[in-house]
>>> print(open('coords07.cif').read())   # mmCIF, C-alpha atoms
data_my_file
#
loop_
_atom_site.label_atom_id
_atom_site.label_comp_id
_atom_site.auth_asym_id
_atom_site.auth_seq_id
_atom_site.Cartn_x
_atom_site.Cartn_y
_atom_site.Cartn_z
CA PHE A 1 -29.19 -43.28 130.74
CA ARG A 2 -27.60 -46.06 128.96
CA SER A 3 -28.28 -47.06 125.46
CA ALA A 4 -29.10 -50.56 124.59
CA ALA A 5 -26.63 -52.43 122.43
CA ILE A 6 -27.59 -53.06 118.82
CA PRO A 7 -27.37 -56.72 117.98
CA SER A 8 -25.28 -57.66 114.95
CA MET A 9 -26.53 -59.86 112.10
CA HIS A 10 -24.51 -61.88 109.60
CA VAL A 11 -26.27 -62.70 106.41
CA GLU A 12 -24.59 -64.60 103.60
CA PHE A 13 -25.79 -63.88 100.01
CA PRO A 14 -25.62 -66.62 97.47
CA HIS A 15 -23.01 -66.35 94.56
CA VAL A 16 -24.78 -65.79 91.30
CA GLN A 17 -22.99 -67.26 88.25
CA LEU A 18 -24.30 -66.02 84.78
CA SER A 19 -24.42 -68.67 82.16
CA ARG A 20 -22.57 -68.46 78.74
CA ALA A 21 -25.85 -68.27 76.89
CA ILE A 22 -26.74 -64.99 78.41
CA GLU A 23 -23.32 -63.64 77.55
CA ARG A 24 -23.70 -64.62 73.98
CA ALA A 25 -27.13 -63.02 73.86
CA GLY A 26 -25.63 -59.76 74.98
CA GLU A 27 -22.95 -59.94 72.34
CA GLU A 28 -25.53 -60.55 69.68
CA ALA A 29 -27.52 -57.58 70.89
CA GLY A 30 -24.40 -55.42 70.64
CA ARG A 31 -23.68 -56.58 67.11
CA ALA A 32 -27.26 -55.91 66.10
CA THR A 33 -27.01 -52.41 67.41
CA GLY A 34 -23.76 -51.83 65.44
CA LEU A 35 -25.34 -53.26 62.28
CA LEU A 36 -28.24 -50.92 62.66
CA GLY A 37 -25.86 -47.98 62.93
CA ASN A 38 -24.00 -49.08 59.82
CA THR A 39 -27.27 -49.48 57.97
CA MET A 40 -28.35 -45.99 58.92
CA HIS A 41 -24.99 -44.62 57.73
CA THR A 42 -25.42 -46.42 54.43
CA VAL A 43 -28.87 -44.99 54.00
CA ALA A 44 -27.55 -41.50 54.71
CA SER A 45 -24.76 -41.96 52.15
CA ALA A 46 -27.25 -43.17 49.58
CA VAL A 47 -29.45 -40.15 50.16
CA ASN A 48 -26.43 -37.86 49.79
CA SER A 49 -25.38 -39.55 46.53
CA LEU A 50 -28.90 -39.22 45.22
CA GLY A 51 -28.83 -35.50 45.92
CA LYS A 52 -25.56 -35.14 44.09
CA ALA A 53 -26.90 -37.12 41.16
CA LEU A 54 -29.92 -34.88 40.97
CA ASP A 55 -27.71 -31.77 41.10
CA HIS A 56 -25.51 -33.11 38.28
CA ALA A 57 -28.51 -33.99 36.17
CA GLY A 58 -29.91 -30.47 36.64
CA ASN A 59 -26.62 -28.84 35.71
CA GLU A 60 -26.32 -31.00 32.61
CA ILE A 61 -29.82 -30.15 31.47
CA TRP A 62 -29.16 -26.45 32.05
CA GLY A 63 -25.85 -26.63 30.22
CA ARG A 64 -27.46 -28.27 27.25
CA ALA A 65 -30.19 -25.65 27.18
CA VAL A 66 -27.62 -22.86 27.30
CA ALA A 67 -25.55 -24.49 24.56
CA LEU A 68 -28.61 -24.83 22.35
CA LYS A 69 -29.44 -21.18 22.86
CA GLU A 70 -25.87 -20.21 22.02
CA LEU A 71 -26.03 -22.23 18.81
CA GLU A 72 -29.23 -20.48 17.85
CA SER A 73 -27.64 -17.13 18.60
CA GLU A 74 -24.52 -17.97 16.60
CA LYS A 75 -26.64 -18.96 13.60
CA LYS A 76 -28.58 -15.74 13.88
CA VAL A 77 -25.37 -13.72 14.11
CA ASN A 78 -23.82 -15.61 11.19
CA ASP A 79 -26.85 -14.88 9.04
CA ALA A 80 -26.76 -11.23 10.08
CA THR A 81 -23.03 -11.03 9.35
CA VAL A 82 -23.39 -12.51 5.86
CA GLY A 83 -26.26 -10.16 5.02
CA TYR A 84 -24.43 -7.12 6.32
CA GLU A 85 -21.13 -7.90 4.61
CA MET A 86 -22.81 -8.62 1.27
CA SER A 87 -24.61 -5.28 1.37
CA GLN A 88 -21.41 -3.54 2.47
CA MET A 89 -19.54 -5.04 -0.49
CA GLU A 90 -22.16 -3.55 -2.79
CA ARG A 91 -21.76 -0.14 -1.14
CA ASP A 92 -17.98 -0.39 -1.41
CA GLU A 93 -18.06 -1.33 -5.10
CA LYS A 94 -20.46 1.50 -5.84
CA TYR A 95 -18.19 3.95 -4.07
CA LYS A 96 -15.13 2.74 -5.97
CA LEU A 97 -16.87 3.69 -9.22
CA LYS A 98 -16.80 7.34 -8.16
CA GLU A 99 -14.00 9.29 -9.79
CA GLY A 100 -12.32 12.63 -9.34
CA ALA A 101 -14.32 15.24 -7.44
CA ASN A 102 -17.18 12.76 -7.06
CA ALA A 103 -15.01 10.85 -4.57
CA ASP A 104 -13.92 13.81 -2.45
CA SER A 105 -13.92 14.06 1.35
CA ALA A 106 -17.62 14.92 1.44
CA ALA A 107 -18.43 11.81 -0.58
CA LEU A 108 -16.25 9.71 1.75
CA LYS A 109 -18.05 11.07 4.80
CA ALA A 110 -21.42 10.25 3.26
CA HIS A 111 -20.23 6.72 2.41
CA MET A 112 -18.90 6.11 5.92
CA THR A 113 -22.10 7.44 7.49
CA GLU A 114 -24.24 5.22 5.29
CA SER A 115 -22.07 2.19 6.08
CA HIS A 116 -22.18 2.84 9.83
CA GLU A 117 -25.93 3.31 9.86
CA ALA A 118 -26.41 0.10 7.85
CA ARG A 119 -24.22 -1.81 10.30
CA MET A 120 -26.03 -0.42 13.33
CA ALA A 121 -29.41 -1.22 11.79
CA VAL A 122 -28.42 -4.89 11.61
CA LYS A 123 -26.78 -4.85 15.05
CA ASN A 124 -29.87 -3.36 16.73
CA THR A 125 -31.89 -6.42 15.76
CA LEU A 126 -29.70 -8.63 18.00
CA THR A 127 -29.58 -9.30 21.74
CA PRO A 128 -26.65 -7.92 23.78
CA TYR A 129 -24.93 -11.32 23.65
CA GLU A 130 -25.50 -11.55 19.90
CA GLN A 131 -24.25 -7.99 19.41
CA ARG A 132 -20.94 -8.93 21.00
CA LEU A 133 -20.65 -11.85 18.59
CA PHE A 134 -21.62 -9.60 15.68
CA ASP A 135 -18.97 -7.03 16.63
CA ARG A 136 -16.36 -9.74 16.91
CA GLN A 137 -17.21 -11.04 13.43
CA THR A 138 -17.64 -7.76 11.54
CA THR A 139 -15.43 -5.12 13.13
CA HIS A 140 -12.26 -6.10 11.28
CA GLN A 141 -13.94 -6.16 7.87
CA TYR A 142 -15.70 -2.88 8.63
CA VAL A 143 -12.37 -1.22 9.40
CA VAL A 144 -10.86 -2.69 6.22
CA SER A 145 -13.82 -1.41 4.20
CA MET A 146 -13.54 2.12 5.58
CA ARG A 147 -9.78 2.14 5.09
CA SER A 148 -10.21 1.07 1.47
CA ALA A 149 -12.77 3.84 0.88
CA ALA A 150 -10.43 6.41 2.40
CA SER A 151 -7.60 5.19 0.17
CA HIS A 152 -9.87 5.46 -2.89
CA THR A 153 -10.78 9.01 -1.94
CA ALA A 154 -7.14 9.93 -1.51
CA THR A 155 -6.28 8.50 -4.92
CA GLN A 156 -9.19 10.18 -6.66
CA THR A 157 -8.62 13.49 -4.92
CA LYS A 158 -5.04 13.41 -6.08
CA ALA A 159 -6.19 12.55 -9.58
CA ALA A 160 -8.75 15.36 -9.52
CA ILE A 161 -6.15 17.89 -8.42
CA ALA A 162 -3.70 16.63 -11.02
CA GLY A 163 -6.46 16.78 -13.64
CA SER A 164 -7.24 20.40 -12.78
CA PHE A 165 -3.57 21.32 -13.14
CA GLU A 166 -3.44 19.43 -16.43
CA ALA A 167 -6.49 21.33 -17.69
CA ARG A 168 -4.91 24.65 -16.68
CA LEU A 169 -1.71 23.72 -18.44
CA LYS A 170 -3.56 22.79 -21.65
CA THR A 171 -5.53 26.02 -21.56
CA ASN A 172 -2.34 27.99 -21.04
CA ALA A 173 -0.64 26.13 -23.90
CA ALA A 174 -3.57 26.98 -26.19
CA GLN A 175 -3.25 30.64 -25.23
CA MET A 176 0.48 30.50 -25.93
CA GLY A 177 -0.24 28.87 -29.28
CA ASN A 178 -2.53 31.74 -30.27
CA ALA A 179 -0.15 34.47 -29.10
CA THR A 180 0.68 36.96 -31.82
CA GLU A 181 3.16 38.84 -29.66
CA ASP A 182 6.36 37.40 -28.21
CA ALA A 183 5.67 39.07 -24.83
CA ASP A 184 2.36 37.18 -24.52
CA PHE A 185 4.12 33.92 -25.31
CA GLU A 186 6.75 34.55 -22.63
CA GLU A 187 4.07 35.28 -20.04
CA GLY A 188 2.53 31.95 -20.91
CA LYS A 189 5.87 30.24 -20.33
CA ALA A 190 6.09 31.77 -16.85
CA ARG A 191 2.61 30.48 -16.03
CA ALA A 192 3.52 27.04 -17.33
CA ILE A 193 6.55 26.91 -15.03
CA GLU A 194 4.39 27.67 -11.96
CA ILE A 195 1.77 25.09 -12.92
CA VAL A 196 4.36 22.37 -13.49
CA LYS A 197 5.90 23.12 -10.08
CA GLN A 198 2.52 22.50 -8.48
CA MET A 199 2.07 19.30 -10.48
CA GLN A 200 5.50 18.15 -9.34
CA GLY A 201 4.35 18.44 -5.73
CA VAL A 202 1.19 16.46 -6.38
CA HIS A 203 2.86 13.65 -8.35
CA GLY A 204 6.14 13.61 -6.47
CA TRP A 205 8.15 14.03 -9.68
CA SER A 206 11.89 14.41 -9.71
CA ASN A 207 13.32 17.70 -10.98
CA GLU A 208 14.41 15.98 -14.18
CA LYS A 209 10.93 14.66 -14.90
CA ALA A 210 9.27 17.97 -14.09
CA LEU A 211 11.69 19.80 -16.41
CA GLN A 212 11.05 17.33 -19.22
CA TYR A 213 7.29 17.71 -18.79
CA LEU A 214 7.64 21.50 -18.91
CA ASN A 215 9.81 21.43 -22.02
CA ASP A 216 7.37 19.13 -23.82
CA ASN A 217 4.54 21.52 -23.04
CA ILE A 218 6.47 24.56 -24.28
CA GLU A 219 7.56 22.72 -27.44
CA HIS A 220 3.97 21.89 -28.32
CA ALA A 221 2.90 25.46 -27.63
CA LEU A 222 5.68 26.83 -29.82
CA ALA A 223 4.81 24.49 -32.68
CA THR A 224 1.12 25.39 -32.33
CA ARG A 225 2.00 29.09 -32.44
CA ALA A 226 4.03 28.65 -35.61
CA VAL A 227 1.11 26.85 -37.27
CA PHE A 228 -1.31 29.53 -36.05
CA ILE A 229 0.78 32.33 -37.53
CA ALA A 230 1.21 30.35 -40.75
CA THR A 231 -2.57 30.43 -41.22
CA THR A 232 -2.33 34.07 -42.27
CA ASP A 233 1.39 34.29 -42.99
CA PRO A 234 2.96 30.96 -43.99
CA SER A 235 6.40 32.46 -44.54
CA THR A 236 6.59 33.90 -41.02
CA GLY A 237 5.17 30.74 -39.50
CA MET A 238 7.70 28.57 -41.31
CA LYS A 239 10.59 30.83 -40.28
CA MET A 240 9.50 30.65 -36.63
CA LEU A 241 9.39 26.87 -36.84
CA GLU A 242 12.80 26.62 -38.49
CA ASP A 243 14.38 29.02 -35.97
CA ASN A 244 13.27 26.75 -33.10
CA LYS A 245 13.86 23.42 -34.80
CA GLY A 246 16.78 22.55 -32.52
CA ARG A 247 14.63 22.96 -29.40
CA MET A 248 11.88 20.60 -30.55
CA ASP A 249 11.32 16.91 -30.49
CA PRO A 250 11.65 15.66 -34.11
CA ARG A 251 8.10 14.31 -34.08
CA ILE A 252 6.66 17.65 -32.97
CA TYR A 253 8.72 19.52 -35.55
CA THR A 254 7.76 17.18 -38.39
CA GLN A 255 4.07 17.39 -37.62
CA ALA A 256 4.14 21.19 -37.47
CA TYR A 257 6.30 21.41 -40.58
CA ASN A 258 3.92 19.30 -42.64
CA THR A 259 0.97 21.40 -41.50
CA ILE A 260 2.69 24.68 -42.32
CA LYS A 261 4.08 23.32 -45.57
CA THR A 262 0.55 22.44 -46.66
CA LYS A 263 -0.61 25.98 -45.90
CA PHE A 264 2.49 27.32 -47.61
CA ASP A 265 1.88 25.22 -50.72
CA LEU A 266 -1.77 26.19 -50.88
CA ARG A 267 -0.88 29.86 -50.88
CA ASN A 268 2.00 29.55 -53.35
CA SER A 269 0.13 27.24 -55.72
CA ARG A 270 -2.80 29.64 -55.73
CA SER A 271 -0.50 32.57 -56.45
CA ILE A 272 1.29 30.82 -59.32
CA ALA A 273 -1.95 29.51 -60.86
CA ASP A 274 -3.45 33.01 -60.74
CA ASP A 275 -0.33 34.41 -62.42
CA VAL A 276 -0.50 31.80 -65.19
CA GLN A 277 -4.18 32.41 -65.79
CA SER A 278 -3.67 36.15 -65.92
CA GLU A 279 -0.64 35.86 -68.16
CA MET A 280 -2.11 33.44 -70.73
CA PRO A 281 -5.91 33.10 -70.29
CA ASP A 282 -6.57 31.80 -73.78
CA ALA A 283 -3.69 29.30 -73.85
CA SER A 284 -4.25 25.56 -73.87
CA LEU A 285 -4.16 23.56 -70.68
CA GLU A 286 -0.84 21.96 -71.62
CA ASP A 287 0.79 25.35 -72.19
CA LYS A 288 -0.49 26.61 -68.86
CA ARG A 289 0.90 23.54 -67.09
CA LYS A 290 4.31 24.05 -68.62
CA ARG A 291 4.35 27.68 -67.58
CA ALA A 292 3.26 26.83 -64.02
CA ALA A 293 6.10 24.29 -63.68
CA GLU A 294 8.57 26.95 -64.87
CA LEU A 295 7.33 29.44 -62.24
CA VAL A 296 7.57 26.83 -59.47
CA ASP A 297 11.19 26.11 -60.42
CA GLU A 298 11.96 29.84 -60.51
CA ARG A 299 10.44 30.61 -57.12
CA HIS A 300 10.71 27.32 -55.18
CA LYS A 301 13.26 25.18 -56.98
CA GLY A 302 13.06 21.47 -56.27
CA ASP A 303 9.69 21.58 -54.45
CA VAL A 304 8.00 18.58 -56.02
CA ALA A 305 4.94 18.72 -53.76
CA LEU A 306 4.31 22.36 -54.67
CA LYS A 307 4.72 21.61 -58.37
CA GLU A 308 2.10 18.82 -58.18
CA LEU A 309 -0.34 20.98 -56.22
CA THR A 310 0.13 23.91 -58.60
CA ASP A 311 -0.48 21.70 -61.62
CA LYS A 312 -3.80 20.54 -60.14
CA ARG A 313 -4.80 24.10 -59.33
CA VAL A 314 -3.94 25.29 -62.90
CA GLU A 315 -6.05 22.47 -64.31
CA SER A 316 -8.95 23.37 -62.03
CA LYS A 317 -8.79 27.03 -63.02
CA HIS A 318 -8.65 26.15 -66.72
CA ILE A 319 -11.74 23.91 -66.37
CA ASP A 320 -13.59 26.62 -64.46
CA GLN A 321 -12.68 29.15 -67.16
CA LYS A 322 -13.99 26.96 -69.97
CA GLN A 323 -17.20 26.26 -68.04
CA ASN A 324 -17.75 29.98 -67.46
CA GLU A 325 -17.24 30.72 -71.15
CA LYS A 326 -19.78 28.06 -72.07
CA ASP A 327 -22.27 29.41 -69.56
CA GLN A 328 -21.89 32.91 -71.00
CA ARG A 329 -22.46 31.68 -74.54
CA ASP A 330 -25.57 29.81 -73.44
CA ARG A 331 -26.96 32.90 -71.73
CA ARG A 332 -26.29 35.04 -74.80
CA MET A 333 -28.04 32.53 -77.00
CA LEU A 334 -31.13 32.49 -74.79
CA THR A 335 -31.23 36.26 -74.68
CA MET A 336 -30.96 36.52 -78.44
CA LEU A 337 -33.80 34.01 -78.85
CA ASP A 338 -36.02 36.02 -76.49
CA VAL A 339 -35.36 39.21 -78.40
CA ALA A 340 -35.75 37.48 -81.77
CA TYR A 341 -39.28 36.39 -80.80
CA GLY A 342 -40.19 39.83 -79.55
CA PHE A 343 -39.80 39.10 -75.85
CA LYS A 344 -38.13 41.61 -73.49
CA THR A 345 -38.38 44.43 -76.06
CA GLN A 346 -39.89 47.86 -75.63
CA SER A 347 -42.21 47.54 -78.63
CA GLY A 348 -43.01 43.88 -78.19
CA ARG A 349 -42.31 43.33 -81.90
CA LYS A 350 -39.92 40.94 -83.47
CA PRO A 351 -36.82 42.77 -84.70
CA LYS A 352 -35.84 42.25 -88.33
CA THR A 353 -32.15 43.10 -87.96
CA ILE A 354 -29.52 42.92 -85.28
CA GLU A 355 -29.61 46.68 -84.95
CA GLU A 356 -33.33 46.58 -84.32
CA ALA A 357 -32.88 43.78 -81.79
CA MET A 358 -30.37 45.79 -79.88
CA ALA A 359 -32.53 48.89 -80.06
CA GLU A 360 -35.51 46.94 -78.78
CA THR A 361 -33.64 45.47 -75.83
CA ARG A 362 -35.39 46.55 -72.70
CA SER A 363 -32.28 46.59 -70.43
CA GLU A 364 -28.64 47.44 -70.66
CA GLU A 365 -27.93 43.89 -69.51
CA HIS A 366 -29.28 42.50 -72.76
CA THR A 367 -27.28 44.96 -74.80
CA SER A 368 -24.14 44.03 -72.86
CA GLU A 369 -24.77 40.33 -73.40
CA LEU A 370 -25.36 40.77 -77.13
CA GLN A 371 -22.21 42.85 -77.54
CA SER A 372 -19.93 40.54 -75.52
CA PRO A 373 -17.83 38.18 -77.70
#
>>> encode(input="coords07.cif", output="structure tokens")
Amino acid sequence: FRSAAIPSMHVEFPHVQLSRAIERAGEEAGRATGLLGNTMHTVASAVNSLGKALDHAGNEIWGRAVALKELESEKKVNDATVGYEMSQMERDEKYKLKEGANADSAALKAHMTESHEARMAVKNTLTPYEQRLFDRQTTHQYVVSMRSAASHTATQTKAAIAGSFEARLKTNAAQMGNATEDADFEEGKARAIEIVKQMQGVHGWSNEKALQYLNDNIEHALATRAVFIATTDPSTGMKMLEDNKGRMDPRIYTQAYNTIKTKFDLRNSRSIADDVQSEMPDASLEDKRKRAAELVDERHKGDVALKELTDKRVESKHIDQKQNEKDQRDRRMLTMLDVAYGFKTQSGRKPKTIEEAMAETRSEEHTSELQSP
């Protein structure tokens, strides 16, 4: 079975030629599309810049707010610091007025506790941030304050200890000065040596200074003892002083000598004046003075001070004697007048003679007064 042949066809299509206008229109459309893309990119960039600007503005506002708050906090901390440090200065000055045992370790502890509590009371009124600022501003001065208080306590404690040793040494010297026995005085010297050794440790003295301090103390005690003994026995006291003259500072010796010499002169002038009065009671004052001067030259030749003191004592005794004689005469006269008018008599009558007056005297005292010269 045979297929039929397919007939062929030849068709010619016309050649289409696009004009230049259409080409240009396409180019313009392409440029418009590109411009639109650029515009959209620009818009996107603008939006991004705006976001950044808003972020920057927000950060700036926040930063300013934080800075303002910090300024407020700093002012608050500054005010707190000034108030605290002023009050601490007052506490420190008050503590520095404490002396001796009043500034001991217990007092220091109390001062430090009070200062710490005062500081914490101020600090607890602040925020954590403000507390850090407060610590930064006040810690150094707080440490300086406590160190100064501790130094004051150390100084005063040392002074208190030294003062107690000084008091012991003075008490011991007084006991040595009142010693009547040499053994008691030597025991006092041994105690003085031990006390001065302790004082040397406290003060940090050299051996030479400690020895000088000890010798000065013993010299004063020895001079005091000589004066003490001279109170009852001037001769013994003066001999003790003279025997130790070479061991004493000239000023200490001179002071003790003058004191003993005064006691010595008082005793000797009294003794000589009594002897003159007993030897020549009815003599004139001038005769008594001459005799007193002779006795001073015999017993204490060349002692001008004793001669002057004795002369004054002789004069005083003579005046007292004359006053006593006058008083006795006045009493006798009054008694005689009483009896003459009949007073103080047994009969109550006026006596006519001396014999009757004496017989009528009611007491032996009257009779004695009438018979006395």
>>> resolve_selection(input="coords07.cif", expression="the PyMOL selection byres ((chain A and resi 108-120) around 7)", output="ChimeraX atom specification")
/A:84,88,103-107,121-124,146,149-150,153
>>> atom_distance(input="coords07.cif", atom1="CA of Arg349 in chain A", atom2="CA of Lys326 in chain A")
28.9 Å
>>> residues_around(input="coords07.cif", residues="range 173-185 of chain A", least_positions_apart="4", cutoff="10 Å", atoms="all atoms listed in the file", output="VMD selection string")
chain A and resid 167 to 169 189 to 192 217 to 229
>>> atom_distance(input="coords07.cif", atom1="CA of Phe165 in chain A", atom2="CA of Lys94 in chain A")
27.0 Å
>>> residues_around(input="coords07.cif", residues="Gln198 in chain A", least_positions_apart="4", cutoff="9 Å", atoms="all atoms listed in the file", output="PDB file with C-alpha atoms, in the coordinates of the input")
ATOM      1  CA  ALA A 162      -3.700  16.630 -11.020  1.00  0.00           C
ATOM      2  CA  PHE A 165      -3.570  21.320 -13.140  1.00  0.00           C
ATOM      3  CA  ILE A 193       6.550  26.910 -15.030  1.00  0.00           C
ATOM      4  CA  GLU A 194       4.390  27.670 -11.960  1.00  0.00           C
ATOM      5  CA  VAL A 202       1.190  16.460  -6.380  1.00  0.00           C
ATOM      6  CA  HIS A 203       2.860  13.650  -8.350  1.00  0.00           C
TER       7      HIS A 203
END
>>> atom_distance(input="coords07.cif", atom1="CA of Met89 in chain A", atom2="CA of Glu74 in chain A")
22.0 Å
>>> residues_around(input="coords07.cif", residues="Asp275 in chain A", least_positions_apart="3", cutoff="12 Å", atoms="all atoms listed in the file", output="PyMOL selection string")
chain A and resi 268-272+278-281+288-289+291-292+294-296+310+313-314+317
